[in-house]
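Peer 1: Pasting in a structure now, in structure tokens, and then I'll have a few things to ask.
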Protein chains: 4
Amino acid sequence: MATMGKGRLEAFSDGVIAIIITIMVLEIKVPHGEDFAALQPLLPVFLSYVLSFIYVGIYWNNHHHLLHAAKNVSGGALWANLHLLFWLSLIPFVTGWMGENHWQPLPVALYGFVLLMAGLAYYMLVRVLLRIHSADSALAKALGKDVKGRLSLVFYALAIALAYVHVGLAIGLYACVAAMWLIPDRRIERHLQESQG
Amino acid sequence: MATMGKGRLEAFSDGVIAIIITIMVLEIKVPHGEDFAALQPLLPVFLSYVLSFIYVGIYWNNHHHLLHAAKNVSGGALWANLHLLFWLSLIPFVTGWMGENHWQPLPVALYGFVLLMAGLAYYMLVRVLLRIHSADSALAKALGKDVKGRLSLVFYALAIALAYVHVGLAIGLYACVAAMWLIPDRRIERHLQESQG
Amino acid sequence: MATMGKGRLEAFSDGVIAIIITIMVLEIKVPHGEDFAALQPLLPVFLSYVLSFIYVGIYWNNHHHLLHAAKNVSGGALWANLHLLFWLSLIPFVTGWMGENHWQPLPVALYGFVLLMAGLAYYMLVRVLLRIHSADSALAKALGKDVKGRLSLVFYALAIALAYVHVGLAIGLYACVAAMWLIPDRRIERHLQESQG
Amino acid sequence: MATMGKGRLEAFSDGVIAIIITIMVLEIKVPHGEDFAALQPLLPVFLSYVLSFIYVGIYWNNHHHLLHAAKNVSGGALWANLHLLFWLSLIPFVTGWMGENHWQPLPVALYGFVLLMAGLAYYMLVRVLLRIHSADSALAKALGKDVKGRLSLVFYALAIALAYVHVGLAIGLYACVAAMWLIPDRRIERHLQESQG
């Protein structure tokens, strides 16, 4: 299978993710009032923004580590990557909808659905990359069993169902998954270090 | 004819294409309602977004392969590239117009017109690049007869006319062209592989 | 005087210019109607967009050539560059205002004012870069007397005054300056070629 | 502690900062009128834009110098950097709010609060980077005691309190801090020069 350099895939993904993470802030509309009362209705919008900023940040971070460990990419990887970017590009929309409706069940569930699809897309990108790397490559070793990735998908699915029971539970799960990923880099970093050492 | 490094042309194009593909999502306005009924009018907007995301993704992909195979660029290529980016930059507008009007003839035809012009601009960029590459360069070999590129232009023109007969036919053609391109990379990839092998 | 690598200055400028050239399209608001009558009021907005797209494209092109010929940058060049980007960042605003008001005198004059300031800022950037390059550097040779740059400033100033006589004259002048720059690269390209040859 | 190349962190930060500095201009809404009276209410919005453009420019500049002096980054640095980008991403919002309300106390104080948090985030990023560099590295030497960084934080805190006494004082302080940073690069530049010389 033909392989290619990964430079432009990284550059393009950086561009798209940078735009996604930044245009979300446009959903926090400037209020007309000038006191705390004017800011108050923005609180759920702001908290949704914080959550999504962390999520997109996690994706950028993991994407960075994944491509760093990869030696090269294939035509299939370009499309798997675009597929991932597609789902990430919907995050500003679902964030805005969830925030503006003060966390109603359907928007909260749809938020989880987009996270779930992005998680699946990331998983597919990993598979495509593993196919063009040997089993003893830095990439394969660094990824290992990817327990965290699989667990996240289960949690998203659970949260979608729980959104109709109590939105607080769903959002709590989203926060848990985010927290779980906030310290993920060690695994790949350690392997890279060992393989360099 | 003077030639230049291609790094910044790639970087700038990546930036513009990344922004185009991402700001389209801003056309999916956050609805005020919180149930499925609120989402329903967004369906044509969303489907238009998906179609355009794939198209812009195809352009990025092909652009990536084209510049990858090119050795260098000329001043004319910079302008041919800006011309291509101009037509691509109109895709968010025609996507939004087509989606918001639930696929009426004129917006659907205008969508095809912008695709046609982008296709012509891409063709012109290819010509300009071929002029500064020899007939036995990787670029020339990789492009070959470019049957797909020519066929796309015919299909776009056909779709513009058909939009006034039945919009479904036009959109079907747009989807066909997209599908035709979704597996395009093999050609150039194979040649690159062979020339490296 | 301390000098630095130019890579990140190029990357950042590419990013900002890519965003400027692309967000202008957001000023072409999606109309609610679905026929030619709905598009008609957009014509001046669209033509203003085309003019500004060409101008920003010219700036990117010249910036590309300028930095290509430069060996390195200084802290002062970073700020001179940000100053240029500031005036360029106002182009979407003046483009939108000029287009939406169907070319009234004040918006047309303000458009020229922003072009004039951007032109001056570019001139200042050139001066700052020349200070850290020797008189026989590729940069100094490539720039020569910069007749075109000086002429543009005169034309912008003239157009601002003429906007109050007849807006058509002012816009004609803007188009003339753009046309004058559309084939500018030869000069630097030739010098680079000679210095490489 | 594992360290990584810094290329993509620079590229991603460039992307996000480029978008932040550019989308702020979208807050300057195109007025419907066509005379000076239509522009007048935009004056505070425009001046707020200028101030924020300078601030974001300063951050990009300092970030550029900081990463230039750094040899490599760690997983912690990626997150410290995202944390900085988070606060910077709120600048368009507070700029718009401050400008639209013609500098009322709360928006002016909130503007200072975001600057304060961004300043703290920058300070944390510096700490994280220093941890993976030796005491005699170019980075450690270039940063020195960072009196300016600490002073800025004090000034921001002061300005937040003063916003309720007189907004003019607070804005004056913001302008002072900006002026203080506009000529900051010499310090790091000189050290880099010496270490190269």
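How things are named: the first chain in the structure tokens is A, the next is B, and so on; residues count from 1 in each chain; ligands count from 1 in the order shown.
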Apply DSSP to the structure's backbone, then extract all residues of segment 46-186 of chain A labelled alpha helix (DSSP H) and return them as JSON, numbers by chain.

Peer 2: {"A": [46, 47, 48, 49, 50, 51, 52, 53, 54, 55, 56, 57, 58, 59, 60, 61, 62, 63, 64, 65, 66, 67, 68, 69, 75, 76, 77, 78, 79, 80, 81, 82, 83, 84, 85, 86, 87, 88, 89, 91, 92, 93, 94, 95, 96, 97, 98, 99, 100, 105, 106, 107, 108, 109, 110, 111, 112, 113, 114, 115, 116, 117, 118, 119, 120, 121, 122, 123, 124, 125, 126, 127, 128, 129, 130, 131, 138, 139, 140, 141, 142, 143, 147, 148, 149, 150, 151, 152, 153, 154, 155, 156, 157, 158, 159, 160, 161, 162, 167, 168, 169, 170, 171, 172, 173, 174, 175, 176, 177, 178, 179, 180, 181, 185, 186]}

Peer 1: Go ahead and save the picked residues with C-alpha atoms, as a short mmCIF file (atom, residue, chain, number, x, y, z; two decimals), in the first residue's frame.

Peer 2:
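Below is the file that was written, out_37.cif:
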```cif
data_model
loop_
_atom_site.label_atom_id
_atom_site.label_comp_id
_atom_site.auth_asym_id
_atom_site.auth_seq_id
_atom_site.Cartn_x
_atom_site.Cartn_y
_atom_site.Cartn_z
CA PHE A 46 -19.93 29.26 28.90
CA LEU A 47 -19.72 25.95 30.80
CA SER A 48 -20.61 24.06 27.60
CA TYR A 49 -17.82 25.99 25.89
CA VAL A 50 -15.33 24.99 28.61
CA LEU A 51 -16.32 21.31 28.29
CA SER A 52 -16.04 21.37 24.50
CA PHE A 53 -12.76 23.29 24.60
CA ILE A 54 -11.33 20.54 26.80
CA TYR A 55 -12.69 17.83 24.48
CA VAL A 56 -11.31 19.42 21.33
CA GLY A 57 -8.06 20.01 23.21
CA ILE A 58 -7.94 16.31 24.11
CA TYR A 59 -8.50 15.36 20.49
CA TRP A 60 -5.77 17.68 19.33
CA ASN A 61 -3.44 16.31 21.98
CA ASN A 62 -4.16 12.67 21.14
CA HIS A 63 -4.02 13.39 17.42
CA HIS A 64 -0.66 15.05 17.96
CA HIS A 65 0.68 12.00 19.80
CA LEU A 66 -0.83 9.55 17.32
CA LEU A 67 0.67 11.22 14.27
CA HIS A 68 3.92 11.79 16.13
CA ALA A 69 4.22 8.03 16.67
CA GLY A 75 -4.69 7.67 1.13
CA GLY A 76 -7.12 5.84 3.40
CA ALA A 77 -5.69 7.64 6.42
CA LEU A 78 -6.36 11.00 4.76
CA TRP A 79 -10.03 10.09 4.47
CA ALA A 80 -10.22 8.54 7.94
CA ASN A 81 -8.76 11.79 9.21
CA LEU A 82 -11.29 13.91 7.29
CA HIS A 83 -14.04 11.70 8.71
CA LEU A 84 -12.78 12.47 12.22
CA LEU A 85 -12.60 16.19 11.42
CA PHE A 86 -16.19 16.05 10.15
CA TRP A 87 -17.54 14.90 13.50
CA LEU A 88 -15.32 17.31 15.39
CA SER A 89 -16.63 20.13 13.18
CA ILE A 91 -19.01 20.09 18.12
CA PRO A 92 -19.51 23.89 17.92
CA PHE A 93 -23.09 23.32 16.75
CA VAL A 94 -24.06 20.80 19.46
CA THR A 95 -22.22 22.87 22.07
CA GLY A 96 -24.21 25.94 21.11
CA TRP A 97 -27.49 24.02 21.08
CA MET A 98 -26.83 22.38 24.45
CA GLY A 99 -25.78 25.66 26.04
CA GLU A 100 -28.57 27.80 24.66
CA PRO A 105 -32.31 16.02 27.25
CA LEU A 106 -32.20 15.95 23.44
CA PRO A 107 -29.38 18.50 23.00
CA VAL A 108 -27.39 16.74 25.75
CA ALA A 109 -27.95 13.36 24.07
CA LEU A 110 -27.00 14.75 20.65
CA TYR A 111 -23.84 16.17 22.17
CA GLY A 112 -22.99 12.67 23.35
CA PHE A 113 -23.83 11.25 19.93
CA VAL A 114 -21.36 13.57 18.22
CA LEU A 115 -18.70 12.66 20.83
CA LEU A 116 -19.46 8.98 20.21
CA MET A 117 -19.12 9.35 16.44
CA ALA A 118 -15.89 11.34 16.86
CA GLY A 119 -14.61 8.60 19.16
CA LEU A 120 -15.48 5.94 16.57
CA ALA A 121 -13.86 8.00 13.83
CA TYR A 122 -10.70 8.31 15.91
CA TYR A 123 -10.74 4.55 16.48
CA MET A 124 -11.05 4.00 12.71
CA LEU A 125 -8.14 6.36 12.05
CA VAL A 126 -6.03 4.36 14.52
CA ARG A 127 -6.96 1.10 12.72
CA VAL A 128 -6.07 2.52 9.31
CA LEU A 129 -2.73 3.75 10.60
CA LEU A 130 -1.95 0.43 12.31
CA ARG A 131 -2.49 -1.36 9.00
CA ALA A 138 6.49 2.68 17.92
CA LEU A 139 2.86 3.35 17.00
CA ALA A 140 1.64 -0.17 17.72
CA LYS A 141 3.50 -0.32 21.02
CA ALA A 142 2.38 3.12 22.09
CA LEU A 143 -1.29 2.37 21.49
CA VAL A 147 -8.59 0.52 26.99
CA LYS A 148 -9.32 4.20 27.49
CA GLY A 149 -10.54 4.64 23.93
CA ARG A 150 -12.96 1.72 24.20
CA LEU A 151 -14.16 2.77 27.63
CA SER A 152 -14.92 6.28 26.35
CA LEU A 153 -17.23 4.89 23.65
CA VAL A 154 -19.15 2.89 26.26
CA PHE A 155 -19.46 5.96 28.48
CA TYR A 156 -20.74 8.12 25.61
CA ALA A 157 -23.39 5.52 24.73
CA LEU A 158 -24.38 5.31 28.38
CA ALA A 159 -24.59 9.08 28.67
CA ILE A 160 -26.89 9.31 25.63
CA ALA A 161 -29.34 6.95 27.32
CA LEU A 162 -28.97 8.66 30.71
CA VAL A 167 -29.18 15.36 32.17
CA GLY A 168 -26.88 15.86 35.15
CA LEU A 169 -25.82 12.20 34.96
CA ALA A 170 -25.02 12.49 31.25
CA ILE A 171 -22.98 15.67 31.71
CA GLY A 172 -21.25 14.10 34.69
CA LEU A 173 -20.19 11.22 32.43
CA TYR A 174 -18.90 13.60 29.77
CA ALA A 175 -16.86 15.34 32.46
CA CYS A 176 -15.56 11.96 33.70
CA VAL A 177 -14.38 10.92 30.25
CA ALA A 178 -12.70 14.29 29.80
CA ALA A 179 -10.97 13.94 33.17
CA MET A 180 -9.87 10.42 32.24
CA TRP A 181 -8.16 11.76 29.11
CA ASP A 185 -0.07 11.31 27.22
CA ARG A 186 2.21 9.49 29.61
#
```

Peer 1: Could I get the residues of chain C with an atom no further than 9 Å from an atom of chain B, each paired with its nearest atom pair and that distance in Å to one decimal, using only C-alpha atoms, sorted by chain and residue number, as JSON lines?

Peer 2:
```
{"residue": "C:Glu10", "atom": "CA", "partner": "B:Arg8", "partner_atom": "CA", "distance": 7.8}
{"residue": "C:Ala11", "atom": "CA", "partner": "B:Ala11", "partner_atom": "CA", "distance": 7.4}
{"residue": "C:Asp14", "atom": "CA", "partner": "B:Phe12", "partner_atom": "CA", "distance": 5.4}
{"residue": "C:Gly15", "atom": "CA", "partner": "B:Gly15", "partner_atom": "CA", "distance": 6.0}
{"residue": "C:Val16", "atom": "CA", "partner": "B:Gly15", "partner_atom": "CA", "distance": 8.9}
{"residue": "C:Ile17", "atom": "CA", "partner": "B:Phe12", "partner_atom": "CA", "distance": 8.3}
{"residue": "C:Ala18", "atom": "CA", "partner": "B:Val16", "partner_atom": "CA", "distance": 5.0}
{"residue": "C:Ile19", "atom": "CA", "partner": "B:Val16", "partner_atom": "CA", "distance": 6.7}
{"residue": "C:Ile21", "atom": "CA", "partner": "B:Val16", "partner_atom": "CA", "distance": 7.8}
{"residue": "C:Thr22", "atom": "CA", "partner": "B:Ser89", "partner_atom": "CA", "distance": 6.3}
{"residue": "C:Ile23", "atom": "CA", "partner": "B:Ile23", "partner_atom": "CA", "distance": 8.2}
{"residue": "C:Val25", "atom": "CA", "partner": "B:Leu90", "partner_atom": "CA", "distance": 7.0}
{"residue": "C:Leu26", "atom": "CA", "partner": "B:Phe93", "partner_atom": "CA", "distance": 7.7}
{"residue": "C:Ile28", "atom": "CA", "partner": "B:Phe93", "partner_atom": "CA", "distance": 7.2}
{"residue": "C:Lys29", "atom": "CA", "partner": "B:Phe93", "partner_atom": "CA", "distance": 7.6}
{"residue": "C:Val30", "atom": "CA", "partner": "B:Trp97", "partner_atom": "CA", "distance": 5.4}
{"residue": "C:Pro31", "atom": "CA", "partner": "B:Trp97", "partner_atom": "CA", "distance": 6.8}
{"residue": "C:His32", "atom": "CA", "partner": "B:Asn101", "partner_atom": "CA", "distance": 7.4}
{"residue": "C:Gly33", "atom": "CA", "partner": "B:Asn101", "partner_atom": "CA", "distance": 7.6}
{"residue": "C:Glu34", "atom": "CA", "partner": "B:Asn101", "partner_atom": "CA", "distance": 6.4}
{"residue": "C:Asp35", "atom": "CA", "partner": "B:Leu106", "partner_atom": "CA", "distance": 6.2}
{"residue": "C:Phe36", "atom": "CA", "partner": "B:Leu106", "partner_atom": "CA", "distance": 7.7}
{"residue": "C:Val50", "atom": "CA", "partner": "B:Phe86", "partner_atom": "CA", "distance": 8.3}
{"residue": "C:Phe53", "atom": "CA", "partner": "B:Phe86", "partner_atom": "CA", "distance": 7.4}
{"residue": "C:Ile54", "atom": "CA", "partner": "B:Leu82", "partner_atom": "CA", "distance": 8.6}
{"residue": "C:Gly57", "atom": "CA", "partner": "B:Leu82", "partner_atom": "CA", "distance": 6.8}
{"residue": "C:Ile58", "atom": "CA", "partner": "B:Trp79", "partner_atom": "CA", "distance": 8.9}
{"residue": "C:Trp60", "atom": "CA", "partner": "B:Phe12", "partner_atom": "CA", "distance": 8.9}
{"residue": "C:Asn61", "atom": "CA", "partner": "B:Leu78", "partner_atom": "CA", "distance": 7.3}
{"residue": "C:His64", "atom": "CA", "partner": "B:Arg8", "partner_atom": "CA", "distance": 7.5}
{"residue": "C:His68", "atom": "CA", "partner": "B:Met4", "partner_atom": "CA", "distance": 8.9}
{"residue": "C:Leu182", "atom": "CA", "partner": "B:Trp79", "partner_atom": "CA", "distance": 8.4}
{"residue": "C:Ile183", "atom": "CA", "partner": "B:Gly75", "partner_atom": "CA", "distance": 8.6}
{"residue": "C:Pro184", "atom": "CA", "partner": "B:Gly75", "partner_atom": "CA", "distance": 8.8}
{"residue": "C:Asp185", "atom": "CA", "partner": "B:Gly75", "partner_atom": "CA", "distance": 6.0}
{"residue": "C:Arg186", "atom": "CA", "partner": "B:Gly75", "partner_atom": "CA", "distance": 7.4}
{"residue": "C:Glu189", "atom": "CA", "partner": "B:Ala2", "partner_atom": "CA", "distance": 5.7}
{"residue": "C:Arg190", "atom": "CA", "partner": "B:Ala2", "partner_atom": "CA", "distance": 6.4}
{"residue": "C:Leu192", "atom": "CA", "partner": "B:Ala2", "partner_atom": "CA", "distance": 7.9}
{"residue": "C:Gln193", "atom": "CA", "partner": "B:Ala2", "partner_atom": "CA", "distance": 5.9}
```

Peer 1: Using C-alpha atoms, can you export the residues from the last selection as an mmCIF file, in the first residue's frame?

Peer 2:
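As written to disk, out.cif reads:
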```cif
data_model
loop_
_atom_site.group_PDB
_atom_site.id
_atom_site.type_symbol
_atom_site.label_atom_id
_atom_site.label_comp_id
_atom_site.auth_asym_id
_atom_site.auth_seq_id
_atom_site.Cartn_x
_atom_site.Cartn_y
_atom_site.Cartn_z
ATOM 1 C CA GLU C 10 5.430 33.241 7.628
ATOM 2 C CA ALA C 11 3.171 30.634 9.225
ATOM 3 C CA ASP C 14 -0.361 32.806 6.299
ATOM 4 C CA GLY C 15 -2.880 31.956 8.985
ATOM 5 C CA VAL C 16 -4.121 35.507 9.460
ATOM 6 C CA ILE C 17 -4.272 36.266 5.732
ATOM 7 C CA ALA C 18 -6.026 32.946 5.056
ATOM 8 C CA ILE C 19 -8.661 33.823 7.659
ATOM 9 C CA ILE C 21 -9.574 36.227 2.790
ATOM 10 C CA THR C 22 -12.075 33.584 3.885
ATOM 11 C CA ILE C 23 -14.213 35.346 6.506
ATOM 12 C CA VAL C 25 -17.340 35.602 2.394
ATOM 13 C CA LEU C 26 -19.395 35.605 5.603
ATOM 14 C CA ILE C 28 -22.333 37.704 1.710
ATOM 15 C CA LYS C 29 -25.361 36.806 3.793
ATOM 16 C CA VAL C 30 -27.469 33.902 2.534
ATOM 17 C CA PRO C 31 -30.649 35.512 1.103
ATOM 18 C CA HIS C 32 -34.062 34.221 2.100
ATOM 19 C CA GLY C 33 -35.539 34.183 -1.387
ATOM 20 C CA GLU C 34 -34.681 31.520 -3.935
ATOM 21 C CA ASP C 35 -34.749 33.363 -7.274
ATOM 22 C CA PHE C 36 -32.559 35.818 -9.196
ATOM 23 C CA VAL C 50 -14.025 39.877 -5.631
ATOM 24 C CA PHE C 53 -10.148 38.867 -2.558
ATOM 25 C CA ILE C 54 -7.785 40.024 -5.312
ATOM 26 C CA GLY C 57 -4.359 37.740 -2.686
ATOM 27 C CA ILE C 58 -1.897 40.358 -3.971
ATOM 28 C CA TRP C 60 -0.248 37.384 0.272
ATOM 29 C CA ASN C 61 1.633 36.982 -2.987
ATOM 30 C CA HIS C 64 5.347 35.508 0.089
ATOM 31 C CA HIS C 68 11.147 34.404 0.409
ATOM 32 C CA LEU C 182 -1.556 41.127 -10.770
ATOM 33 C CA ILE C 183 1.638 40.595 -12.747
ATOM 34 C CA PRO C 184 4.209 41.750 -10.229
ATOM 35 C CA ASP C 185 6.116 38.653 -9.367
ATOM 36 C CA ARG C 186 8.339 38.574 -12.419
ATOM 37 C CA GLU C 189 11.318 35.944 -9.519
ATOM 38 C CA ARG C 190 13.799 37.035 -12.180
ATOM 39 C CA LEU C 192 15.988 35.128 -7.567
ATOM 40 C CA GLN C 193 16.488 33.083 -10.681
#
```
